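Data file: query25.cif. Format and content: mmCIF, N, CA and C atoms.
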data_target
#
loop_
_atom_site.label_atom_id
_atom_site.label_comp_id
_atom_site.auth_asym_id
_atom_site.auth_seq_id
_atom_site.Cartn_x
_atom_site.Cartn_y
_atom_site.Cartn_z
N MET A 271 133.08 133.52 111.45
CA MET A 271 133.74 132.42 110.76
C MET A 271 133.35 131.07 111.39
N ILE A 272 133.25 131.05 112.73
CA ILE A 272 132.89 129.81 113.42
C ILE A 272 131.47 129.40 113.05
N LYS A 273 130.56 130.37 112.93
CA LYS A 273 129.18 130.06 112.54
C LYS A 273 129.14 129.45 111.15
N LEU A 274 129.91 129.99 110.24
CA LEU A 274 129.94 129.48 108.88
C LEU A 274 130.46 128.05 108.85
N LYS A 275 131.52 127.77 109.60
CA LYS A 275 132.06 126.41 109.67
C LYS A 275 131.04 125.44 110.25
N THR A 276 130.32 125.89 111.27
CA THR A 276 129.30 125.06 111.91
C THR A 276 128.17 124.75 110.92
N ILE A 277 127.75 125.75 110.18
CA ILE A 277 126.68 125.56 109.20
C ILE A 277 127.14 124.61 108.10
N VAL A 278 128.35 124.80 107.61
CA VAL A 278 128.88 123.92 106.56
C VAL A 278 129.00 122.49 107.07
N LEU A 279 129.49 122.33 108.30
CA LEU A 279 129.62 121.00 108.88
C LEU A 279 128.26 120.33 109.03
N LEU A 280 127.27 121.08 109.51
CA LEU A 280 125.92 120.55 109.65
C LEU A 280 125.35 120.14 108.29
N PHE A 281 125.52 120.99 107.29
CA PHE A 281 125.03 120.68 105.95
C PHE A 281 125.69 119.41 105.42
N CYS A 282 126.99 119.30 105.58
CA CYS A 282 127.71 118.11 105.10
C CYS A 282 127.21 116.85 105.81
N SER A 283 126.97 116.95 107.11
CA SER A 283 126.46 115.80 107.86
C SER A 283 125.10 115.36 107.34
N LEU A 284 124.23 116.32 107.11
CA LEU A 284 122.90 115.99 106.58
C LEU A 284 123.00 115.39 105.18
N PHE A 285 123.91 115.93 104.36
CA PHE A 285 124.09 115.43 103.00
C PHE A 285 124.60 114.00 103.00
N VAL A 286 125.55 113.69 103.86
CA VAL A 286 126.07 112.33 103.97
C VAL A 286 124.97 111.38 104.42
N ALA A 287 124.16 111.77 105.39
CA ALA A 287 123.06 110.94 105.86
C ALA A 287 122.08 110.69 104.73
N TYR A 288 121.82 111.71 103.91
CA TYR A 288 120.92 111.55 102.77
C TYR A 288 121.50 110.55 101.76
N LEU A 289 122.79 110.65 101.50
CA LEU A 289 123.42 109.75 100.54
C LEU A 289 123.41 108.31 101.02
N GLN A 290 123.51 108.10 102.32
CA GLN A 290 123.55 106.75 102.86
C GLN A 290 122.17 106.10 102.87
N ALA A 291 121.13 106.89 102.92
CA ALA A 291 119.77 106.34 102.94
C ALA A 291 119.41 105.83 101.56
N GLY A 292 118.82 104.66 101.53
CA GLY A 292 118.37 104.12 100.26
C GLY A 292 117.04 104.76 99.87
N GLU A 293 116.52 104.32 98.77
CA GLU A 293 115.24 104.83 98.31
C GLU A 293 114.36 103.65 97.92
N LEU A 294 113.12 103.68 98.35
CA LEU A 294 112.18 102.62 98.04
C LEU A 294 111.65 102.80 96.63
N GLY A 295 111.74 101.73 95.84
CA GLY A 295 111.18 101.74 94.50
C GLY A 295 109.91 100.92 94.44
N GLN A 296 109.11 101.18 93.45
CA GLN A 296 107.86 100.45 93.25
C GLN A 296 107.98 99.70 91.93
N VAL A 297 107.56 98.43 91.91
CA VAL A 297 107.67 97.64 90.69
C VAL A 297 106.31 97.06 90.31
N SER A 298 106.15 96.84 89.02
CA SER A 298 104.95 96.16 88.50
C SER A 298 105.19 94.66 88.55
N ALA A 299 104.16 93.90 88.24
CA ALA A 299 104.30 92.45 88.19
C ALA A 299 105.34 92.04 87.16
N GLU A 300 105.34 92.69 86.01
CA GLU A 300 106.31 92.36 84.96
C GLU A 300 107.73 92.64 85.42
N GLN A 301 107.91 93.78 86.09
CA GLN A 301 109.24 94.12 86.59
C GLN A 301 109.69 93.14 87.66
N LEU A 302 108.77 92.72 88.53
CA LEU A 302 109.10 91.74 89.57
C LEU A 302 109.61 90.47 88.92
N LEU A 303 108.89 89.96 87.94
CA LEU A 303 109.30 88.73 87.28
C LEU A 303 110.66 88.88 86.60
N ASP A 304 110.87 90.01 85.95
CA ASP A 304 112.14 90.27 85.28
C ASP A 304 113.28 90.34 86.29
N MET A 305 113.07 91.04 87.39
CA MET A 305 114.12 91.16 88.40
C MET A 305 114.37 89.84 89.09
N GLN A 306 113.33 89.06 89.29
CA GLN A 306 113.47 87.74 89.92
C GLN A 306 114.33 86.84 89.03
N GLN A 307 114.09 86.90 87.74
CA GLN A 307 114.81 86.03 86.81
C GLN A 307 116.21 86.54 86.47
N ASN A 308 116.33 87.82 86.19
CA ASN A 308 117.60 88.35 85.68
C ASN A 308 118.53 88.93 86.73
N GLN A 309 117.99 89.33 87.88
CA GLN A 309 118.83 89.91 88.93
C GLN A 309 118.80 89.08 90.21
N HIS A 310 118.13 87.95 90.15
CA HIS A 310 117.99 87.06 91.32
C HIS A 310 117.43 87.81 92.53
N ALA A 311 116.45 88.69 92.25
CA ALA A 311 115.83 89.46 93.32
C ALA A 311 115.15 88.52 94.32
N LEU A 312 115.25 88.88 95.57
CA LEU A 312 114.60 88.15 96.65
C LEU A 312 113.20 88.74 96.82
N VAL A 313 112.18 87.94 96.58
CA VAL A 313 110.80 88.38 96.75
C VAL A 313 110.34 87.91 98.12
N VAL A 314 109.94 88.86 98.97
CA VAL A 314 109.58 88.56 100.35
C VAL A 314 108.12 88.97 100.58
N ASP A 315 107.30 87.98 100.89
CA ASP A 315 105.89 88.21 101.20
C ASP A 315 105.78 88.46 102.69
N ILE A 316 105.36 89.67 103.06
CA ILE A 316 105.37 90.07 104.47
C ILE A 316 104.00 89.96 105.14
N ARG A 317 103.06 89.28 104.50
CA ARG A 317 101.71 89.16 105.05
C ARG A 317 101.67 88.14 106.18
N THR A 318 100.47 87.87 106.67
CA THR A 318 100.27 86.93 107.78
C THR A 318 100.00 85.52 107.27
N ASP A 319 100.09 84.54 108.17
CA ASP A 319 99.77 83.16 107.82
C ASP A 319 98.38 83.05 107.20
N ALA A 320 97.41 83.70 107.80
CA ALA A 320 96.03 83.63 107.30
C ALA A 320 95.95 84.17 105.87
N GLU A 321 96.68 85.23 105.58
CA GLU A 321 96.68 85.80 104.23
C GLU A 321 97.37 84.87 103.24
N TRP A 322 98.48 84.28 103.65
CA TRP A 322 99.18 83.35 102.77
C TRP A 322 98.27 82.17 102.44
N ASN A 323 97.61 81.65 103.46
CA ASN A 323 96.73 80.50 103.27
C ASN A 323 95.53 80.84 102.40
N ALA A 324 95.02 82.05 102.51
CA ALA A 324 93.84 82.45 101.76
C ALA A 324 94.11 82.61 100.27
N THR A 325 95.27 83.14 99.92
CA THR A 325 95.52 83.47 98.51
C THR A 325 96.67 82.71 97.88
N GLY A 326 97.55 82.14 98.69
CA GLY A 326 98.79 81.60 98.16
C GLY A 326 99.81 82.72 98.05
N VAL A 327 100.99 82.38 97.55
CA VAL A 327 102.08 83.35 97.43
C VAL A 327 102.65 83.31 96.02
N ILE A 328 103.39 84.32 95.67
CA ILE A 328 104.06 84.37 94.38
C ILE A 328 105.09 83.25 94.34
N PRO A 329 105.13 82.47 93.25
CA PRO A 329 106.12 81.40 93.16
C PRO A 329 107.54 81.92 93.39
N ASN A 330 108.33 81.14 94.08
CA ASN A 330 109.73 81.44 94.40
C ASN A 330 109.89 82.63 95.34
N SER A 331 108.84 82.97 96.07
CA SER A 331 108.97 84.04 97.07
C SER A 331 109.18 83.41 98.44
N GLN A 332 109.65 84.23 99.37
CA GLN A 332 109.87 83.80 100.73
C GLN A 332 108.84 84.46 101.63
N LYS A 333 108.36 83.73 102.62
CA LYS A 333 107.39 84.28 103.56
C LYS A 333 108.13 84.76 104.81
N LEU A 334 107.92 86.03 105.16
CA LEU A 334 108.53 86.60 106.35
C LEU A 334 107.57 87.67 106.88
N GLN A 335 106.70 87.25 107.78
CA GLN A 335 105.67 88.13 108.32
C GLN A 335 106.30 89.35 108.98
N SER A 336 105.77 90.53 108.68
CA SER A 336 106.32 91.75 109.26
C SER A 336 105.57 92.15 110.53
N TYR A 337 104.30 92.49 110.40
CA TYR A 337 103.50 92.91 111.56
C TYR A 337 102.80 91.70 112.15
N ASP A 338 102.79 91.61 113.49
CA ASP A 338 102.08 90.51 114.12
C ASP A 338 100.58 90.82 114.19
N SER A 339 99.82 89.91 114.76
CA SER A 339 98.37 90.08 114.81
C SER A 339 97.94 91.29 115.63
N GLU A 340 98.84 91.79 116.46
CA GLU A 340 98.55 92.99 117.27
C GLU A 340 99.03 94.26 116.58
N GLY A 341 99.58 94.13 115.37
CA GLY A 341 100.07 95.30 114.64
C GLY A 341 101.45 95.76 115.04
N ARG A 342 102.20 94.90 115.73
CA ARG A 342 103.55 95.25 116.17
C ARG A 342 104.57 94.77 115.13
N PHE A 343 105.66 95.53 115.02
CA PHE A 343 106.73 95.22 114.08
C PHE A 343 108.04 95.19 114.86
N ASP A 344 108.59 93.99 115.05
CA ASP A 344 109.87 93.84 115.74
C ASP A 344 110.97 93.99 114.68
N SER A 345 111.40 95.22 114.49
CA SER A 345 112.30 95.53 113.38
C SER A 345 113.64 94.80 113.48
N ALA A 346 114.21 94.70 114.67
CA ALA A 346 115.51 94.04 114.82
C ALA A 346 115.42 92.56 114.45
N LYS A 347 114.41 91.89 114.97
CA LYS A 347 114.22 90.47 114.66
C LYS A 347 113.94 90.28 113.17
N TRP A 348 113.10 91.13 112.61
CA TRP A 348 112.73 91.00 111.21
C TRP A 348 113.94 91.22 110.30
N LEU A 349 114.76 92.23 110.61
CA LEU A 349 115.97 92.48 109.81
C LEU A 349 116.93 91.30 109.87
N THR A 350 117.07 90.69 111.04
CA THR A 350 117.93 89.52 111.18
C THR A 350 117.45 88.38 110.29
N GLU A 351 116.14 88.14 110.30
CA GLU A 351 115.58 87.07 109.47
C GLU A 351 115.72 87.40 107.98
N LEU A 352 115.54 88.66 107.61
CA LEU A 352 115.69 89.06 106.20
C LEU A 352 117.13 88.81 105.74
N GLN A 353 118.10 89.17 106.56
CA GLN A 353 119.50 88.98 106.18
C GLN A 353 119.82 87.50 105.95
N LYS A 354 119.18 86.62 106.69
CA LYS A 354 119.38 85.17 106.50
C LYS A 354 118.87 84.71 105.14
N LEU A 355 117.85 85.39 104.62
CA LEU A 355 117.27 85.00 103.33
C LEU A 355 118.08 85.50 102.13
N LYS A 356 118.81 86.58 102.32
CA LYS A 356 119.56 87.18 101.22
C LYS A 356 120.79 86.34 100.88
N THR A 357 121.06 86.19 99.59
CA THR A 357 122.23 85.44 99.15
C THR A 357 123.46 86.32 99.00
N SER A 358 123.26 87.65 98.97
CA SER A 358 124.38 88.59 98.91
C SER A 358 123.91 89.93 99.47
N PRO A 359 124.84 90.74 99.95
CA PRO A 359 124.45 92.03 100.53
C PRO A 359 123.77 92.96 99.54
N ASP A 360 124.11 92.86 98.26
CA ASP A 360 123.54 93.76 97.27
C ASP A 360 122.37 93.15 96.48
N GLN A 361 121.86 92.02 96.94
CA GLN A 361 120.72 91.38 96.27
C GLN A 361 119.49 92.29 96.36
N PRO A 362 118.82 92.55 95.23
CA PRO A 362 117.59 93.34 95.29
C PRO A 362 116.52 92.60 96.10
N VAL A 363 115.74 93.38 96.87
CA VAL A 363 114.66 92.83 97.69
C VAL A 363 113.35 93.46 97.23
N ILE A 364 112.36 92.62 96.94
CA ILE A 364 111.03 93.10 96.57
C ILE A 364 110.04 92.61 97.61
N LEU A 365 109.37 93.55 98.26
CA LEU A 365 108.41 93.22 99.31
C LEU A 365 107.00 93.13 98.72
N VAL A 366 106.22 92.20 99.26
CA VAL A 366 104.85 91.98 98.80
C VAL A 366 103.93 91.93 100.01
N CYS A 367 102.81 92.63 99.93
CA CYS A 367 101.76 92.53 100.94
C CYS A 367 100.42 92.43 100.20
N ARG A 368 99.34 92.66 100.88
CA ARG A 368 98.02 92.53 100.26
C ARG A 368 97.77 93.63 99.23
N SER A 369 97.99 94.89 99.62
CA SER A 369 97.62 96.00 98.75
C SER A 369 98.76 96.96 98.43
N GLY A 370 99.90 96.79 99.05
CA GLY A 370 101.03 97.70 98.84
C GLY A 370 101.26 98.65 100.00
N ASN A 371 100.34 98.68 100.96
CA ASN A 371 100.47 99.59 102.09
C ASN A 371 101.57 99.15 103.06
N ARG A 372 101.47 97.93 103.58
CA ARG A 372 102.49 97.45 104.53
C ARG A 372 103.86 97.34 103.88
N SER A 373 103.90 96.85 102.64
CA SER A 373 105.20 96.71 101.97
C SER A 373 105.84 98.07 101.75
N GLY A 374 105.04 99.10 101.53
CA GLY A 374 105.58 100.45 101.41
C GLY A 374 106.18 100.93 102.72
N LYS A 375 105.50 100.67 103.83
CA LYS A 375 106.00 101.08 105.14
C LYS A 375 107.28 100.34 105.50
N VAL A 376 107.29 99.03 105.30
CA VAL A 376 108.48 98.24 105.63
C VAL A 376 109.62 98.61 104.68
N GLY A 377 109.30 98.83 103.42
CA GLY A 377 110.32 99.24 102.45
C GLY A 377 110.94 100.58 102.80
N ASP A 378 110.10 101.53 103.21
CA ASP A 378 110.63 102.82 103.65
C ASP A 378 111.56 102.65 104.86
N PHE A 379 111.17 101.78 105.77
CA PHE A 379 112.01 101.48 106.94
C PHE A 379 113.36 100.95 106.48
N LEU A 380 113.37 99.99 105.56
CA LEU A 380 114.63 99.41 105.08
C LEU A 380 115.48 100.46 104.39
N ALA A 381 114.86 101.31 103.59
CA ALA A 381 115.60 102.37 102.90
C ALA A 381 116.24 103.32 103.91
N ARG A 382 115.51 103.65 104.97
CA ARG A 382 116.07 104.54 106.01
C ARG A 382 117.23 103.87 106.75
N GLN A 383 117.27 102.55 106.74
CA GLN A 383 118.38 101.82 107.37
C GLN A 383 119.60 101.79 106.46
N GLY A 384 119.47 102.36 105.27
CA GLY A 384 120.59 102.41 104.33
C GLY A 384 120.59 101.27 103.32
N MET A 385 119.55 100.45 103.31
CA MET A 385 119.51 99.34 102.36
C MET A 385 119.17 99.87 100.97
N ASN A 386 119.98 99.48 100.02
CA ASN A 386 119.75 99.85 98.63
C ASN A 386 119.01 98.73 97.92
N GLN A 387 118.46 99.04 96.77
CA GLN A 387 117.75 98.07 95.94
C GLN A 387 116.58 97.43 96.70
N VAL A 388 115.76 98.28 97.30
CA VAL A 388 114.56 97.83 97.99
C VAL A 388 113.35 98.30 97.18
N TYR A 389 112.45 97.39 96.91
CA TYR A 389 111.27 97.67 96.09
C TYR A 389 110.05 97.05 96.75
N HIS A 390 108.87 97.49 96.28
CA HIS A 390 107.66 96.80 96.70
C HIS A 390 106.72 96.69 95.52
N LEU A 391 105.93 95.62 95.52
CA LEU A 391 105.01 95.35 94.42
C LEU A 391 103.86 96.33 94.47
N SER A 392 103.69 97.06 93.40
CA SER A 392 102.61 98.04 93.30
C SER A 392 101.25 97.35 93.47
N LYS A 393 100.48 97.83 94.39
CA LYS A 393 99.13 97.33 94.68
C LYS A 393 99.10 95.90 95.19
N GLY A 394 100.25 95.36 95.57
CA GLY A 394 100.34 94.09 96.27
C GLY A 394 99.85 92.86 95.52
N ILE A 395 99.64 91.80 96.30
CA ILE A 395 99.22 90.51 95.73
C ILE A 395 97.84 90.61 95.10
N GLN A 396 97.03 91.57 95.55
CA GLN A 396 95.71 91.75 94.95
C GLN A 396 95.82 92.02 93.46
N SER A 397 96.73 92.90 93.07
CA SER A 397 96.88 93.20 91.65
C SER A 397 97.49 92.02 90.90
N TRP A 398 98.39 91.30 91.57
CA TRP A 398 99.03 90.12 90.98
C TRP A 398 97.95 89.10 90.60
N ILE A 399 97.05 88.83 91.55
CA ILE A 399 95.99 87.84 91.32
C ILE A 399 94.98 88.36 90.30
N LYS A 400 94.64 89.64 90.41
CA LYS A 400 93.68 90.24 89.47
C LYS A 400 94.18 90.13 88.03
N ASP A 401 95.49 90.24 87.84
CA ASP A 401 96.09 90.12 86.51
C ASP A 401 96.19 88.67 86.04
N GLY A 402 95.74 87.72 86.87
CA GLY A 402 95.78 86.31 86.49
C GLY A 402 97.13 85.66 86.63
N ARG A 403 97.99 86.24 87.43
CA ARG A 403 99.34 85.70 87.62
C ARG A 403 99.26 84.49 88.55
N PRO A 404 100.22 83.57 88.43
CA PRO A 404 100.16 82.34 89.25
C PRO A 404 100.51 82.58 90.71
N VAL A 405 99.91 81.79 91.58
CA VAL A 405 100.27 81.75 92.99
C VAL A 405 100.51 80.31 93.38
N LYS A 406 101.33 80.15 94.39
CA LYS A 406 101.67 78.82 94.90
C LYS A 406 101.02 78.67 96.26
N ASN A 407 100.32 77.57 96.46
CA ASN A 407 99.71 77.28 97.76
C ASN A 407 100.53 76.22 98.46
N ASP A 408 100.71 76.38 99.76
CA ASP A 408 101.34 75.35 100.57
C ASP A 408 100.34 74.22 100.78
N GLU A 409 100.84 73.11 101.25
CA GLU A 409 99.95 71.99 101.56
C GLU A 409 98.93 72.38 102.62
N SER A 410 99.30 73.32 103.50
CA SER A 410 98.41 73.72 104.58
C SER A 410 97.47 74.85 104.16
N ALA A 411 97.56 75.26 102.91
CA ALA A 411 96.73 76.38 102.46
C ALA A 411 95.26 76.00 102.41
N VAL A 412 94.44 76.98 102.69
CA VAL A 412 93.01 76.78 102.58
C VAL A 412 92.64 76.84 101.10
N PRO A 413 91.87 75.86 100.61
CA PRO A 413 91.51 75.89 99.19
C PRO A 413 90.70 77.13 98.85
N LYS A 414 90.94 77.68 97.66
CA LYS A 414 90.16 78.82 97.20
C LYS A 414 88.77 78.34 96.83
N GLN A 415 87.80 79.19 97.09
CA GLN A 415 86.41 78.82 96.78
C GLN A 415 85.85 79.69 95.69
#
Step by step, read the file and then write its structure as structure tokens.
Amino acid sequence: MIKLKTIVLLFCSLFVAYLQAGELGQVSAEQLLDMQQNQHALVVDIRTDAEWNATGVIPNSQKLQSYDSEGRFDSAKWLTELQKLKTSPDQPVILVCRSGNRSGKVGDFLARQGMNQVYHLSKGIQSWIKDGRPVKNDESAVPKQ
């Protein structure tokens, strides 16, 4: 009987942990625009300064570099900065990187932290630009050639 109770308790614990974990979603450019307009989704570009300067960023997105030039990710610092950008705890967050690889990794991390409504742009800013979508350049951006 004790073994059965232990197994049931373990199963329940794992089930609760599963329910608390969020799930990373993938969105298209059209979905990003719709969510940005209708759900006030926070679009966060997690690339580097050099990448932002080279291509520009999606209009109305926020820049918050995830990995440093050495490939390190300070998750605690990054989460603190992300929370400052959010206007509400349940605001959808859409991550953007160059190709969708880094945004997928960071999005999975956020989902494991229990964050709900976390998405990433399918195929990253490359697909956004390839589709002819607009980008915004900062004054310090390197002109496209």
Hey, can I get the axis-aligned box for segment 337-350 of chain A? All listed atoms, 6 Å padding on each side, centre and edge lengths in Å to one decimal, as lines of an AutoDock Vina configuration file.
center_x = 107.9
center_y = 92.1
center_z = 113.5
size_x = 32.0
size_y = 19.4
size_z = 19.5
Margin query: Please identify the helix (DSSP H, G or I) residues within chain A (assignment by DSSP from backbone atoms) and present them as a PyMOL selection string.
Written below: chain A and resi 272-290+299-308+319-325+345-355+371-382+394-400
Next item on the list: Grab the atom CA of Ser336 of chain A to atom CA of Ser358 of chain A distance for me, in Å with one decimal place.
Entry: 21.1 Å
Next item on the list: Could you tell me how far atom CA of Met305 of chain A lies from atom CA of His390 of chain A, in Å and to one decimal?
Entry: 11.9 Å
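Between atom CA of Gln387 of chain A and atom CA of Gly326 of chain A lies a distance of 25.2 Å.
Minimum atom-to-atom distances from A:Thr325, A:Gln361, A:Ser339, A:Gln307 to Lys406 of chain A were compared using all atoms listed in the file, and the lowest value belongs to A:Thr325.
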Check: Written as a list of chain:residue names, what is the full residue list that the PyMOL selection byres (((chain A and resi 293 and name CA) around 8) and name CA) yields on the file shown?
Finding: A:Ala291, A:Gly292, A:Leu294, A:Gly295, A:Asp378, A:Ala381, A:Arg382, A:Asn386, A:Gln387, A:Val388
Notebook entry, point to check: For this file, the PyMOL selection byres (((chain A and resi 391 and name CA) around 7) and name CA) selects which residues, as a list in words?
Noted result: Gln296, Val297, Ser298, Ala299, Ile364, Leu365, Val366, Gly370, Tyr389, His390, Ser392, Lys393 and Gly394 of chain A
Note to self: Using all atoms listed in the file for the distances, tell me which of A:Gln306, A:Ser331, A:Ser345, A:Gln396 is nearest to Cys367 of chain A.
What the structure shows: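 So, comparing all the options, the nearest one is A:Gln396.
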Note to self: Residues within 6 Å of Tyr337 of chain A, please, as a PyMOL selection string. Count all atoms listed in the file; anything in the same chain fewer than 5 positions from it doesn't count.
What the structure shows: chain A and resi 316+342-343
Next item on the list: Name every residue that the PyMOL selection byres (((chain A and resi 359 and name CA) around 12) and name CA) selects in this structure, writing the answer as an MDAnalysis selection string with chains first and numbers rising.
Entry: chainID A and resid 311:312 352:358 360:363 384:388
Margin query: According to DSSP computed on the backbone, where in segment 289-392 of chain A is there strand (DSSP E or B)? Give the residues as an MDAnalysis selection string.
Written below: chainID A and resid 294:297 312:315 327 332:333 337 343 363:366 388:391
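When all atoms listed in the file are used to compute distances to Ser397 of chain A, the closest of the residues A:Arg368, A:Gly377, A:His310, A:Leu303 turns out to be A:Arg368.
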